[in-house]
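Data block below; observations after.
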Amino acid sequence: MTEATCAGCGEPNAADAEFCIGCGGYLGWQDRRPGDPTTRPPATTTTTTVATTPAAPVDRTAPATETGPRCASCGTPNPADLRFCRKCGTPLTHRADPTMQPAAPARPGWRRFLPGNASRRRARAAYRRSLPMRYHLTRLVAVVAVVAVLGGLFTLAGHNPAGWLRDRWYALRGTLTPVTEVTARADPARTVIDDYLPGFAVDNTTDQAWATTWGGGGSPATACGPITRGARAALILTLPQKTTLRGVEVAAGLPAADPQRVLQWRPRMLQLTFDDDSCQRVALADKDGLQRGSLRPVPTTTVRVEIAAAAPPRSGAGTRVALGEVRLLRRPG
């Protein structure tokens with residue numbers, strides 16, 4: 001088929017096209033009819049005679065034989081790669097490419113860290129690498145300055161930044177560790193019973209226990225207060241240095257394998273008193289093994305452990321009450 005060249009942009013067009021597929025300029029000026037609303041002035045003052053053949057009438061009801069959509073204005077079928085209708089010049093840009101999709105809505109910033117955005121992250125990384133060195137230096141100086149300012153503020157507030165962050169991490173996870181090198185003694189000292197020494201309560205095993213005489217009574221209330229009768233002695237624990245305690249682990253009574261367990265009283269409530277004379281109570285279950293109780297944070301170097309309430313013997317009429325193990329807990333570090 002003979003081609004017609006657009007005088008405005010030089011784009012080759014089919015001979016029966018009336019408008020340029022490149023710029024939309026009207027091609028058939030020799031066929032222009034006065035009053036035709038679809039005609040418009042040429043895109044350039046240069047006139048070029050174009051050989052054309054008369055266009056066949058368009059049957060708007062006939063199915064399209066082209067791969068592209070019909071023109072919304074005149075119904076002429078157009079190839080998919082045209083930008084303007086070849087009959088009336090109506091723009092087809094928004095219909096020409098059937099694969100075009102509307103722009104995706106902006107996504108939240110946090111989604112850039114998802115695995116599916118790896119290509120975007122690589123593109124951003126390549127862009128940053130292409131920036132001048134002064135940009136990287138400025139960014140590094142800014143980061144160092146922020147860290148220095150924060151470190152200074154923590155120092156002025158009396159905190160070690162690294163220690164503060166470590167404590168926050170341990171607090172988030174609830175991590176506690178036993179205080180080591182704790183020593184124990186009985187108060188009064190004359191109440192020590194052979195084979196049930198105070199040191200057995202802090203030897204990191206539950207095979208042996210400290211025991212004292214139980215006089216009955218006690219104070220099962222959860223609030224601190226005077227203990228009537230109860231245990232004859234208290235256990236004094238001394239820490240190697242002042243430490244903030246946050247919990248305690250206790251083995252109440254002798255281990256289950258010891259036949260004496262059922263013959264003795266078993267602690268059900270402990271009262272702990274600290275350096276500042278404050279105290280807290282820890283409830284225990286009547287069972288074998290270590291039990292953990294939480295404490296309000298308290299800095300101290302000594303802990304006075306008193307048995308405030310106890311479960312009676314399951315057999316016989318025993319008069320002793322034992323603590324198999326007492327471990328004081330703190331944050332690691």
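Residues are referred to by chain and number: the chain letter is A, B, ... according to the order shown in the structure tokens, the number counts from 1 in that chain, and ligands are numbered separately from 1 in the order shown.
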* Near Leu323 in chain A, counting only C-alpha atoms, which residues have an atom at most 12 Å away, once you skip same-chain residues fewer than 3 positions from it, shown as a ChimeraX atom specification? -> /A:196-203,205-213,231,234-235,249-255,261,264-270,284,288-291,305-307,310,320,326-327
With a cut-off of 9 Å, could you pull out the residues of range 197-281 of chain A touching range 296-300 of chain A and give me the nearest pair of atoms for each, distance in Å to one decimal, using only C-alpha atoms, ordered by chain and ascending number, as JSON lines?
```
{"residue": "A:Leu239", "atom": "CA", "partner": "A:Thr300", "partner_atom": "CA", "distance": 8.1}
{"residue": "A:Gln241", "atom": "CA", "partner": "A:Thr300", "partner_atom": "CA", "distance": 8.2}
{"residue": "A:Lys242", "atom": "CA", "partner": "A:Thr300", "partner_atom": "CA", "distance": 5.1}
{"residue": "A:Thr243", "atom": "CA", "partner": "A:Pro299", "partner_atom": "CA", "distance": 5.1}
{"residue": "A:Thr244", "atom": "CA", "partner": "A:Pro299", "partner_atom": "CA", "distance": 3.9}
{"residue": "A:Leu245", "atom": "CA", "partner": "A:Val298", "partner_atom": "CA", "distance": 5.4}
{"residue": "A:Arg246", "atom": "CA", "partner": "A:Pro297", "partner_atom": "CA", "distance": 4.8}
{"residue": "A:Gly247", "atom": "CA", "partner": "A:Arg296", "partner_atom": "CA", "distance": 7.8}
{"residue": "A:Phe274", "atom": "CA", "partner": "A:Thr300", "partner_atom": "CA", "distance": 6.0}
{"residue": "A:Asp275", "atom": "CA", "partner": "A:Thr300", "partner_atom": "CA", "distance": 5.4}
{"residue": "A:Asp276", "atom": "CA", "partner": "A:Thr300", "partner_atom": "CA", "distance": 7.7}
{"residue": "A:Ser278", "atom": "CA", "partner": "A:Val298", "partner_atom": "CA", "distance": 8.9}
{"residue": "A:Gln280", "atom": "CA", "partner": "A:Arg296", "partner_atom": "CA", "distance": 8.1}
```
* To do: Counting only C-alpha atoms, figure out which residue out of A:Ala4, A:Ala309, A:Val303, A:Val321 gets nearest to Ala285 in chain A.
  => A:Ala309
* strand (DSSP E or B) residues, from DSSP on the backbone, in range 93-316 of chain A, as a ChimeraX atom specification -> /A:177-178,183-187,193,196,210-217,229-231,234-252,265-273,279-283,290-311
Using the selection just defined, write its residues with C-alpha atoms as a PDB file, in the first residue's frame.
```
ATOM      1  CA  THR A 177      20.729 -14.577  86.967  1.00  0.00           C
ATOM      2  CA  PRO A 178      21.689 -15.756  90.486  1.00  0.00           C
ATOM      3  CA  THR A 183      27.328 -16.434 102.303  1.00  0.00           C
ATOM      4  CA  ALA A 184      24.791 -17.486 104.936  1.00  0.00           C
ATOM      5  CA  ARG A 185      24.567 -17.576 108.740  1.00  0.00           C
ATOM      6  CA  ALA A 186      21.835 -18.293 111.253  1.00  0.00           C
ATOM      7  CA  ASP A 187      20.470 -15.642 113.605  1.00  0.00           C
ATOM      8  CA  ILE A 193      21.353 -27.803 113.901  1.00  0.00           C
ATOM      9  CA  TYR A 196      21.305 -28.680 108.580  1.00  0.00           C
ATOM     10  CA  TRP A 210      19.264 -25.483 106.328  1.00  0.00           C
ATOM     11  CA  ALA A 211      16.692 -26.167 109.048  1.00  0.00           C
ATOM     12  CA  THR A 212      15.525 -24.609 112.261  1.00  0.00           C
ATOM     13  CA  THR A 213      12.861 -25.355 114.883  1.00  0.00           C
ATOM     14  CA  TRP A 214       9.308 -24.394 114.031  1.00  0.00           C
ATOM     15  CA  GLY A 215       7.294 -23.120 116.956  1.00  0.00           C
ATOM     16  CA  GLY A 216       3.899 -23.088 115.255  1.00  0.00           C
ATOM     17  CA  GLY A 217       1.808 -20.039 114.539  1.00  0.00           C
ATOM     18  CA  ARG A 229       6.246 -17.745 117.301  1.00  0.00           C
ATOM     19  CA  GLY A 230       7.043 -19.240 113.879  1.00  0.00           C
ATOM     20  CA  ALA A 231      10.637 -20.266 113.139  1.00  0.00           C
ATOM     21  CA  ALA A 234      16.302 -16.475 110.599  1.00  0.00           C
ATOM     22  CA  LEU A 235      18.764 -16.943 107.760  1.00  0.00           C
ATOM     23  CA  ILE A 236      21.075 -13.969 107.060  1.00  0.00           C
ATOM     24  CA  LEU A 237      22.416 -13.835 103.492  1.00  0.00           C
ATOM     25  CA  THR A 238      25.374 -11.564 102.705  1.00  0.00           C
ATOM     26  CA  LEU A 239      26.156 -10.504  99.099  1.00  0.00           C
ATOM     27  CA  PRO A 240      29.749  -9.762  97.944  1.00  0.00           C
ATOM     28  CA  GLN A 241      28.696  -6.214  97.016  1.00  0.00           C
ATOM     29  CA  LYS A 242      25.621  -4.018  96.889  1.00  0.00           C
ATOM     30  CA  THR A 243      23.297  -5.455  94.243  1.00  0.00           C
ATOM     31  CA  THR A 244      19.835  -4.624  92.980  1.00  0.00           C
ATOM     32  CA  LEU A 245      17.725  -7.718  93.545  1.00  0.00           C
ATOM     33  CA  ARG A 246      14.726  -8.445  91.331  1.00  0.00           C
ATOM     34  CA  GLY A 247      13.743 -11.986  92.279  1.00  0.00           C
ATOM     35  CA  VAL A 248      14.410 -15.070  94.367  1.00  0.00           C
ATOM     36  CA  GLU A 249      14.398 -18.835  93.807  1.00  0.00           C
ATOM     37  CA  VAL A 250      13.559 -21.075  96.751  1.00  0.00           C
ATOM     38  CA  ALA A 251      13.405 -24.822  97.371  1.00  0.00           C
ATOM     39  CA  ALA A 252      10.835 -25.164 100.130  1.00  0.00           C
ATOM     40  CA  TRP A 265       7.166 -28.490 108.264  1.00  0.00           C
ATOM     41  CA  ARG A 266       7.555 -26.939 104.798  1.00  0.00           C
ATOM     42  CA  PRO A 267       7.802 -23.149 104.198  1.00  0.00           C
ATOM     43  CA  ARG A 268       4.741 -21.520 102.564  1.00  0.00           C
ATOM     44  CA  MET A 269       5.636 -17.839 103.054  1.00  0.00           C
ATOM     45  CA  LEU A 270       9.001 -16.037 103.355  1.00  0.00           C
ATOM     46  CA  GLN A 271       9.590 -12.534 104.667  1.00  0.00           C
ATOM     47  CA  LEU A 272      12.704 -10.838 103.231  1.00  0.00           C
ATOM     48  CA  THR A 273      14.163  -7.729 104.913  1.00  0.00           C
ATOM     49  CA  CYS A 279      10.689  -5.954 103.401  1.00  0.00           C
ATOM     50  CA  GLN A 280       8.783  -8.057 100.901  1.00  0.00           C
ATOM     51  CA  ARG A 281       6.979 -11.366 101.191  1.00  0.00           C
ATOM     52  CA  VAL A 282       7.198 -14.306  98.778  1.00  0.00           C
ATOM     53  CA  ALA A 283       4.511 -17.023  98.709  1.00  0.00           C
ATOM     54  CA  LEU A 290      12.945 -24.568  92.971  1.00  0.00           C
ATOM     55  CA  GLN A 291      10.194 -21.958  92.850  1.00  0.00           C
ATOM     56  CA  ARG A 292      10.706 -18.428  91.537  1.00  0.00           C
ATOM     57  CA  GLY A 293       9.236 -15.347  93.124  1.00  0.00           C
ATOM     58  CA  SER A 294       9.530 -11.766  91.885  1.00  0.00           C
ATOM     59  CA  LEU A 295      10.740  -8.816  93.962  1.00  0.00           C
ATOM     60  CA  ARG A 296      10.370  -5.115  93.539  1.00  0.00           C
ATOM     61  CA  PRO A 297      13.886  -3.900  92.598  1.00  0.00           C
ATOM     62  CA  VAL A 298      15.824  -3.173  95.765  1.00  0.00           C
ATOM     63  CA  PRO A 299      19.580  -2.482  96.184  1.00  0.00           C
ATOM     64  CA  THR A 300      21.074  -4.232  99.193  1.00  0.00           C
ATOM     65  CA  THR A 301      24.100  -6.092 100.575  1.00  0.00           C
ATOM     66  CA  THR A 302      22.227  -8.298 103.081  1.00  0.00           C
ATOM     67  CA  VAL A 303      18.914 -10.125 103.135  1.00  0.00           C
ATOM     68  CA  ARG A 304      17.245 -11.419 106.270  1.00  0.00           C
ATOM     69  CA  VAL A 305      15.109 -14.447 105.373  1.00  0.00           C
ATOM     70  CA  GLU A 306      12.387 -15.427 107.839  1.00  0.00           C
ATOM     71  CA  ILE A 307       9.839 -18.224 107.460  1.00  0.00           C
ATOM     72  CA  ALA A 308       6.478 -16.519 108.021  1.00  0.00           C
ATOM     73  CA  ALA A 309       4.189 -19.527 107.420  1.00  0.00           C
ATOM     74  CA  ALA A 310       4.624 -23.276 106.905  1.00  0.00           C
ATOM     75  CA  ALA A 311       2.660 -26.379 105.918  1.00  0.00           C
TER      76      ALA A 311
END
```
* Asked: For the atom pair CA of Gly22 in chain A and CA of Ala7 in chain A, what is the interatomic distance in Å to one decimal place?
  -> 11.1 Å
